[in-house]
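Here's the structure, in structure tokens; my notes come after.
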Amino acid sequence: MKNYFIAIILFFVGLNGFTQAELENWIMNEGEYASYWENTAANGNPPNYVFSTSTTLANVSRVCYDATYVWVEADGMTTEMGQYLNPGAPTAQGYMYRFPRTPTVPATKTTSPLGGSIGLLNNGVPIFGLSNGHHYNGSGNNGNGEGTWNVEVYLAEGFVLDSTLGAHPQQQGAYHSHAKPYRLYASTSASVHSPIVGYAFDGYPIYGPYGYSTALDASSAVTQMATGYALRNITTRTTLPDGTALSVSEYGPAVNSTYPIGTYVEDYQWSATNGGDLDEYNGRFCVTPEYPSGTYAYFITLDANGTPEFPYYIGTEYYGAPEVDDITMGATITVPSSGVSCFTDPLSIDPLDKEATINTFPNPSNGIFNLKLPDLTGTSLIEVTNLAGQLVFSKTITSNEVLIDLSTEKSLGIFVIKITNNGQSYFTKIALQ
């Protein structure tokens with residue numbers, strides 16, 4: 001007997017236009033351990049790569065949610081982390097991040113941190129900001145932390161990043177991505193809208209590089225999203241991109257061969273006249289496969305050759321209001337002890353595991369949901385059990401669609417749906433909230 005966890009396709013769209021994509025798109029651990037190619041060369045170059053398997057579980061270990069938030073727990077490691085050039089090895093970090101399920105759009109925007117996490121890939125690897133953690137201090141790029149002229153990360157570090165996730169570990173072992181998480185969208189054709197690769201801390205999705213050419217028309221052609229950022233036309237660094245005139249003590253170095261244009265984050269400026277598809281936050285309001293009624297979404301940006309292009313993930317500010325604890329250094333995020341449902345198994349599975357398509361919608365549900373079995377014929381036995389193994393619903397059907405009512409079920413959380421058809425059993429899940 002074969003058991004298959006079948007991909008759940010979520011069709012429910014709430015009043016705010018959102019589906020449940022913020023729950024189903026996380027890549028959950030299924031018993032895999034993190035693994036990586038470590039550069040063991042003493043000076044890093046020429047590299048000497050050694051493949052190692054960690055004792056840390058890969059990807060996302062737990063997702064919890066209520067009506068307001070999604071909490072994601074991960075150690076920041078995945079399988080076969082690529083061949084980055086710098087020395088050091090990834091280590092478990094014990095992350096817990098919180099995402100709003102209904103993002104808000106403030107009139108006053110929040111600056112995206114130049115260092116540290118700004119969002120999370122759907123495999124639990126953090127996305128880091130636009131700087132390498134150094135700034136110009138009057139004599140060189142030796143200042144630590146943020147300053148007026150912050151060293152742009154890809155010009156400084158792009159050559160050491162791996163080709164799988166555009167990532168590497170920093171000195172404390174925190175593996176993180178700066179640009180082009182290629183593995184997460186590579187299996188999707190460039191003629192198809194890119195998948196979600198992660199979420200920014202304001203709760204809005206981050207997609208791969210391809211979207212609909214007409215933002216609100218899902219029938220329009222798919223095209224590579226173009227950023228509206230470009231290098232400034234300056235020879236001296238005496239003003240910021242927004243036109244702010246600096247005092248002499250805040251001046252950066254003149255543009256020259258030592259400090260070429262593009263050395264600093266502040267060397268870039270967004271303008272509508274640059275002809276990009278994306279706004280100054282590196283996103284747009286659009287329809288997507290997961291959000292057919294529309295959502296604000298960020299996009300990965302690449303140039304025509306596929307090279308990462310500034311600002312890579314999101315711009316210098318968030319479009320929505322980020323969770324403050326996510327971007328506050330040293331803040332502790334905990335999951336409430338009550339009123340929250342959690343799961344450690346995926347709500348969606350790699351389509352390669354799919355032998356029948358079983359649609360369960362809406363999911364999560366208030367207890368009343370539709371189950372559609374388009375690929376199955378004949379009589380099917382539907383059984384729903386809670387995670388304690390107790391049968392809470394059973395029905396035999398001869399059609400391929402059934403309305404299931406669990407609205408009187410007193411417990412909430414994840415329930416397992418078993419479909420027995422022609423001697424084979426198929427499994428999917430439903431979340432009650």
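Labels used: A, B, ... for chains in the order of the structure tokens, numbers from 1 for residues in each chain, and numbers from 1 for ligands as shown.
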Each residue of range 165-263 of chain A with at least one atom at most 12 Å from range 322-341 of chain A should appear once, together with its nearest atom pair and the corresponding distance in Å (one decimal); atoms considered: only C-alpha atoms; ordering: chain, then increasing residue number; output as JSON lines.
{"residue": "A:Tyr199", "atom": "CA", "partner": "A:Pro322", "partner_atom": "CA", "distance": 10.8}
{"residue": "A:Ala200", "atom": "CA", "partner": "A:Pro322", "partner_atom": "CA", "distance": 7.8}
{"residue": "A:Phe201", "atom": "CA", "partner": "A:Pro322", "partner_atom": "CA", "distance": 4.9}
{"residue": "A:Asp202", "atom": "CA", "partner": "A:Pro322", "partner_atom": "CA", "distance": 3.7}
{"residue": "A:Gly203", "atom": "CA", "partner": "A:Pro322", "partner_atom": "CA", "distance": 7.2}
{"residue": "A:Tyr204", "atom": "CA", "partner": "A:Pro322", "partner_atom": "CA", "distance": 9.4}
Create the file for the chosen residues now, containing C-alpha atoms and written as an mmCIF file, in the first residue's frame.
data_model
loop_
_atom_site.group_PDB
_atom_site.id
_atom_site.type_symbol
_atom_site.label_atom_id
_atom_site.label_comp_id
_atom_site.auth_asym_id
_atom_site.auth_seq_id
_atom_site.Cartn_x
_atom_site.Cartn_y
_atom_site.Cartn_z
ATOM 1 C CA TYR A 199 8.299 36.312 2.862
ATOM 2 C CA ALA A 200 9.460 39.760 3.946
ATOM 3 C CA PHE A 201 8.917 40.650 7.587
ATOM 4 C CA ASP A 202 5.967 42.868 6.672
ATOM 5 C CA GLY A 203 4.076 39.719 5.652
ATOM 6 C CA TYR A 204 4.187 40.236 1.893
#
Q: Please give the complete set of residues from range 257-293 of chain A that DSSP, run on the backbone, assigns to strand (DSSP E), formatted as number ranges by chain.
A: A: 268-270, 283-286
Hey, can you spit out that residue selection with C-alpha atoms as a short mmCIF file (atom, residue, chain, number, x, y, z; two decimals), in the first residue's frame?
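Final output, saved to selection_25.cif:
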data_model
loop_
_atom_site.label_atom_id
_atom_site.label_comp_id
_atom_site.auth_asym_id
_atom_site.auth_seq_id
_atom_site.Cartn_x
_atom_site.Cartn_y
_atom_site.Cartn_z
CA TYR A 268 21.77 53.67 -6.08
CA GLN A 269 18.54 55.55 -6.60
CA TRP A 270 15.05 54.51 -7.66
CA GLY A 283 7.58 45.22 -5.63
CA ARG A 284 4.14 46.00 -7.04
CA PHE A 285 0.47 45.27 -6.49
CA CYS A 286 -0.41 42.41 -8.81
#
Q | Gly320 in chain A surroundings by only C-alpha atoms, 7 Å radius, close-in-sequence under 2 positions cut, as JSON, numbers by chain | A | {"A": [103, 104, 105, 106, 202, 318, 322]}
Q) Skipping near chain neighbours, those fewer than 4 positions away, what residues fall within 7 Å of Lys372 in chain A using only C-alpha atoms, listed as a ChimeraX atom specification? A) /A:358-360,400-402
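Proximity of A:Ala245, A:Tyr312, A:Thr420, A:Ile397 to Ile127 in chain A, computed with only C-alpha atoms, is greatest for A:Tyr312.
Computed from the coordinates, the CA of Ser177 in chain A to CA of Pro311 in chain A distance equals 12.7 Å.
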Q | Residues flagged helix (DSSP H, G or I) by DSSP in range 152-204 of chain A, as a ChimeraX atom specification | A | /A:153-160,182-184
Save the residues we just selected, C-alpha atoms, as a short mmCIF file (atom, residue, chain, number, x, y, z; two decimals), in the first residue's frame?
data_model
loop_
_atom_site.label_atom_id
_atom_site.label_comp_id
_atom_site.auth_asym_id
_atom_site.auth_seq_id
_atom_site.Cartn_x
_atom_site.Cartn_y
_atom_site.Cartn_z
CA VAL A 153 27.00 43.85 -0.23
CA TYR A 154 27.01 42.32 -3.71
CA LEU A 155 29.92 44.36 -5.05
CA ALA A 156 31.82 43.54 -1.84
CA GLU A 157 30.80 39.91 -1.33
CA GLY A 158 28.99 38.66 -4.41
CA PHE A 159 31.98 36.65 -5.58
CA VAL A 160 31.98 34.48 -2.41
CA TYR A 182 18.24 30.07 -7.61
CA ARG A 183 17.31 26.66 -6.21
CA LEU A 184 13.90 27.89 -5.07
#
Q: Please identify all polymer residues within 10 Å of Phe299 in chain A, counting only C-alpha atoms, omitting same-chain residues fewer than 2 positions from it, and present them as a ChimeraX atom specification.
A: /A:194,196-197,205-211,224-227,277-278,281-284,297,301-302,311-314
Q.
With only C-alpha atoms as the counted atoms, please give the residues lying no more than 12 Å from Leu165 in chain A, apart from itself and same-chain residues fewer than 6 positions off, as a VMD selection string.
A. chain A and resid 77 to 84 121 to 127 158 175 to 186 197 to 198 208 300 308
Q: Pick out the closest residue to Lys429 in chain A from this set: A:Glu24, A:Val265, A:Ala41, A:Gly94. Count only C-alpha atoms.
A: A:Glu24
